[in-house]
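*Asks:* Quick one: the structure is below, questions incoming.
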Amino acid sequence: MNSYIGHPFQVYGVEEYTLSGGRKEGNKILHVKNGLGLDMTSSLSRGGDIVSLTYKGVNVSYLTPNGQVNPAYYDDRQDGWIKTFQGGFLTTCGFNNVGTPCEDENGKYPLHGSINQLPIENYSYDLIDDEHIDIRLVSLDESIFSRKLKRTRHILISLLENKFSIKDDIVNRGGEACPVLVLYHFNLGYPLLKEDLQININYESIESRNEHAEKFVKEWNKIEKPTSYFEEMCYFLKMKNNIGLAKVYSPSENIGLSIKYDAKSLPFFTEWKMNGIRDYVLGLEPGNVTPEGRVINKMKNRIVTIEKDERLHYEIDIELFDNKKEFLK
C-alpha cells in the first residue's frame, strides 16, 4: 500500500453506486479509475457494458439523449431497443440478433438483441499484484425453451499504463446447438469526436451498407460538424492480415484511442457515422457478424453456432494515449 495515501480510491480503485432520478432510477454501476488518467463506469444493470470513459478529464464516449436507462424500460418489439439505447463507450449487441429487426421460421428478432438489457447475475473485483484491477461480471442469457448462454466478462484495467482489456467467455449450457451473434458497439463522442478527428483503420477493403453510404465512401474517415437531417452511414471494413486495429486521434484535445483485437475471431468491422445534431457519434464495431440482422447473416453463412458445453472467447484491448506518435505507429 502506498504510504502517502489513506484509502486506495484516493488514487485508484473501484466504487459502487446506485443511480436515482428519472429512467435511470435503480441502475447500479461500478466507478473505476487507475490513477493515471483513465476513468470509467461499468453498468451492473446493463450487462457490464462501459457507460462513461474519460481520459485525463476529457470525455471519450457518447451518451445518447436517453441517458442511462433502467432495463425495466426495455422494449423488445422491432426497433424498440433504440428507446433504451444508452450508447456509452461500449454497448454489447447479441446474442440472438445483431442489427436490423427480422423474422424467420423460428421467431422474431429485435434490433441488436437483448444481452445489453440483462442485469449482471454476480460480480467481483480485485487488485492483482498492484498492477491491475480485475472486474469479473457474469451474465445469463437463458430461458426455458430457448437459448442457454452464460457469459463471463473480465475487464482488466492496468495501473501502470492507460490500457484495459475486455475478455468475454461464452458457454452454451443448454442441450442443443445455439447460434451466437455478437457485436461490440464502441461509441465515441464529443469532445474527442469533432471535425478534426483523425481515423486510421488497418483495412484492406471497404463495402458500403447502402446506396446513400456509397455516395460518400471516399469520405469514410472524415467527420462533419453536427448537421440537421444527417442520414447515418455504415461501412463494412475487412481487416488486413486478420489484425484488428482501429485508431483515432484528436489534435485539438491531443488524445487518442486504439482498439485492438483478433480479426479471425471477430472477422467483421463496422464503422457507423452519425453526425446529426445531438445524435453526434462515431461507432467502431468489431463483430462476428455485420449489423444486417440474423436472417441476412444466416443467408451469407456467417453465423457462429456452438454445441453443448462449447465455448467462445473474444478479447479486445483498448489503449488511450496523448501522443500523436502512438497514432502513427
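How things are named: the first chain in the C-alpha cells is A, the next is B, and so on; residues count from 1 in each chain; ligands count from 1 in the order shown.
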With the cut-off set at 10 Å and counting only C-alpha atoms, tabulate each residue of region 168-228 of chain A with an atom at most that distance from an atom of region 277-292 of chain A, showing the nearest atom pair and its distance in Å to one decimal, ordered by chain and increasing number, as JSON lines.
*Replies:*
{"residue": "A:Val180", "atom": "CA", "partner": "A:Asn288", "partner_atom": "CA", "distance": 8.6}
{"residue": "A:Leu181", "atom": "CA", "partner": "A:Val289", "partner_atom": "CA", "distance": 6.4}
{"residue": "A:Val182", "atom": "CA", "partner": "A:Gly287", "partner_atom": "CA", "distance": 5.6}
{"residue": "A:Leu183", "atom": "CA", "partner": "A:Gly287", "partner_atom": "CA", "distance": 4.0}
{"residue": "A:Tyr184", "atom": "CA", "partner": "A:Glu285", "partner_atom": "CA", "distance": 5.3}
{"residue": "A:His185", "atom": "CA", "partner": "A:Glu285", "partner_atom": "CA", "distance": 4.8}
{"residue": "A:Phe186", "atom": "CA", "partner": "A:Leu284", "partner_atom": "CA", "distance": 5.2}
{"residue": "A:Asn187", "atom": "CA", "partner": "A:Gly283", "partner_atom": "CA", "distance": 4.6}
{"residue": "A:Leu188", "atom": "CA", "partner": "A:Leu282", "partner_atom": "CA", "distance": 5.1}
{"residue": "A:Gly189", "atom": "CA", "partner": "A:Val281", "partner_atom": "CA", "distance": 5.2}
{"residue": "A:Tyr190", "atom": "CA", "partner": "A:Tyr280", "partner_atom": "CA", "distance": 7.7}
{"residue": "A:Leu193", "atom": "CA", "partner": "A:Val281", "partner_atom": "CA", "distance": 7.3}
{"residue": "A:Lys194", "atom": "CA", "partner": "A:Tyr280", "partner_atom": "CA", "distance": 8.7}
{"residue": "A:Ile201", "atom": "CA", "partner": "A:Leu284", "partner_atom": "CA", "distance": 9.8}
{"residue": "A:Arg209", "atom": "CA", "partner": "A:Glu292", "partner_atom": "CA", "distance": 8.7}
{"residue": "A:Ile223", "atom": "CA", "partner": "A:Leu282", "partner_atom": "CA", "distance": 8.6}
{"residue": "A:Glu224", "atom": "CA", "partner": "A:Tyr280", "partner_atom": "CA", "distance": 9.4}
{"residue": "A:Lys225", "atom": "CA", "partner": "A:Ile277", "partner_atom": "CA", "distance": 8.6}
{"residue": "A:Pro226", "atom": "CA", "partner": "A:Ile277", "partner_atom": "CA", "distance": 4.7}
{"residue": "A:Thr227", "atom": "CA", "partner": "A:Ile277", "partner_atom": "CA", "distance": 5.6}
{"residue": "A:Ser228", "atom": "CA", "partner": "A:Ile277", "partner_atom": "CA", "distance": 6.0}
*Asks:* Within 10 Å of region 52-59 of chain A, which residues of region 230-319 of chain A come that close, and what is the closest atom pair and distance in Å for each? Count only C-alpha atoms and give it as CSV.
*Replies:*
residue,atom,partner,partner_atom,distance
A:Glu253,CA,A:Val58,CA,7.8
A:Asn254,CA,A:Val58,CA,9.9
A:Ile255,CA,A:Tyr55,CA,8.0
A:Gly256,CA,A:Tyr55,CA,9.2
A:Leu257,CA,A:Tyr55,CA,9.6
*Asks:* Determine, counting only C-alpha atoms, which protein, DNA and RNA residues have an atom within 12 Å of an atom of Ile82 (chain A); residues of the same chain fewer than 4 positions away are not included. Present the result as a ChimeraX atom specification.
*Replies:* /A:64-67,69,73-78,86-87,91,99-101,110-114,116-117
*Asks:* Can you tell me, as a PyMOL selection string, what residues are no more than 10 Å from Lys264 (chain A) when counting only C-alpha atoms, ignoring any on the same chain fewer than 2 positions away?
*Replies:* chain A and resi 239+241-244+261-262+266-268+288
*Asks:* Which residues are near Ser205 (chain A)? Cut-off 9 Å, only C-alpha atoms, ignore same chain within fewer than 5 positions. Put them as a list in words.
*Replies:*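 The contact residues come out as Phe236, Leu237, Lys238, Met239 and Lys240 of chain A.
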*Asks:* Could you pull out the helix (DSSP H, G or I) residues of region 17-256 of chain A from DSSP and send them as a compact mmCIF listing (two decimals) with C-alpha atoms, in the first residue's frame?
*Replies:*
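So states10.txt came out as:
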# COMPACT_ATOMS: atom_id res chain seq x y z
CA GLY A 22 -35.86 9.55 -13.96
CA ARG A 23 -35.47 6.40 -16.03
CA LYS A 24 -32.05 5.68 -14.53
CA PRO A 71 -33.53 -2.16 -18.27
CA ALA A 72 -37.10 -2.41 -16.91
CA TYR A 73 -37.99 0.04 -19.71
CA GLY A 80 -37.81 -0.60 -29.57
CA TRP A 81 -34.19 -1.16 -28.43
CA ILE A 82 -33.48 2.44 -29.53
CA LYS A 83 -35.73 3.79 -26.75
CA THR A 84 -33.31 2.49 -24.11
CA ILE A 115 -27.73 -9.06 -23.88
CA ASN A 116 -27.19 -5.38 -23.04
CA GLN A 117 -30.55 -5.30 -21.23
CA GLU A 211 -26.52 3.49 -51.84
CA HIS A 212 -26.51 6.56 -49.60
CA ALA A 213 -23.32 5.47 -47.84
CA GLU A 214 -21.74 4.59 -51.19
CA LYS A 215 -22.08 8.21 -52.35
CA VAL A 217 -17.45 6.19 -49.38
CA LYS A 218 -14.32 8.21 -50.22
CA GLU A 219 -15.04 10.28 -47.11
CA LYS A 240 -5.64 -6.65 -43.33
CA ASN A 241 -3.78 -9.84 -42.29
CA ASN A 242 -6.51 -10.60 -39.71
*Asks:* Nearest residue to Pro8 (chain A) out of A:Ile133, A:Leu156, A:Leu63, A:Cys93, using only C-alpha atoms?
*Replies:*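 Nearest candidate to Pro8 (chain A) out of A:Ile133, A:Leu156, A:Leu63, A:Cys93: A:Ile133.
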*Asks:* Any idea what's packed within 8 Å of Arg151 (chain A), counting only C-alpha atoms, ignoring anything in its chain fewer than 6 positions away? Could you give it as a list in words?
*Replies:*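 Those residues are Val138, Ser139, Leu140, Asp141, Asp168, Asp169, Ile170 and Val171 of chain A.
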*Asks:* Restricting it to C-alpha atoms, dump the selection as a PDB file, in the first residue's frame.
*Replies:*
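Saved result, selection17.pdb, follows:
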ATOM      1  CA  VAL A 138     -21.402 -12.927 -15.116  1.00  0.00           C
ATOM      2  CA  SER A 139     -24.453 -12.629 -17.410  1.00  0.00           C
ATOM      3  CA  LEU A 140     -27.050 -15.333 -18.067  1.00  0.00           C
ATOM      4  CA  ASP A 141     -28.872 -15.124 -21.396  1.00  0.00           C
ATOM      5  CA  ASP A 168     -15.604 -12.451 -22.838  1.00  0.00           C
ATOM      6  CA  ASP A 169     -16.101 -16.203 -22.484  1.00  0.00           C
ATOM      7  CA  ILE A 170     -19.461 -17.500 -23.708  1.00  0.00           C
ATOM      8  CA  VAL A 171     -20.527 -21.078 -22.966  1.00  0.00           C
TER       9      VAL A 171
END
*Asks:* So how many Å separate CA of Lys222 (chain A) and CA of Lys273 (chain A), to one decimal?
*Replies:* 9.2 Å
*Asks:* So, counting only C-alpha atoms, which residue among A:Ile155, A:Leu30, A:Leu19, A:Val98 is closest to Gly293 (chain A)?
*Replies:*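 When distances to Gly293 (chain A) are compared using only C-alpha atoms, the smallest one comes from A:Val98.
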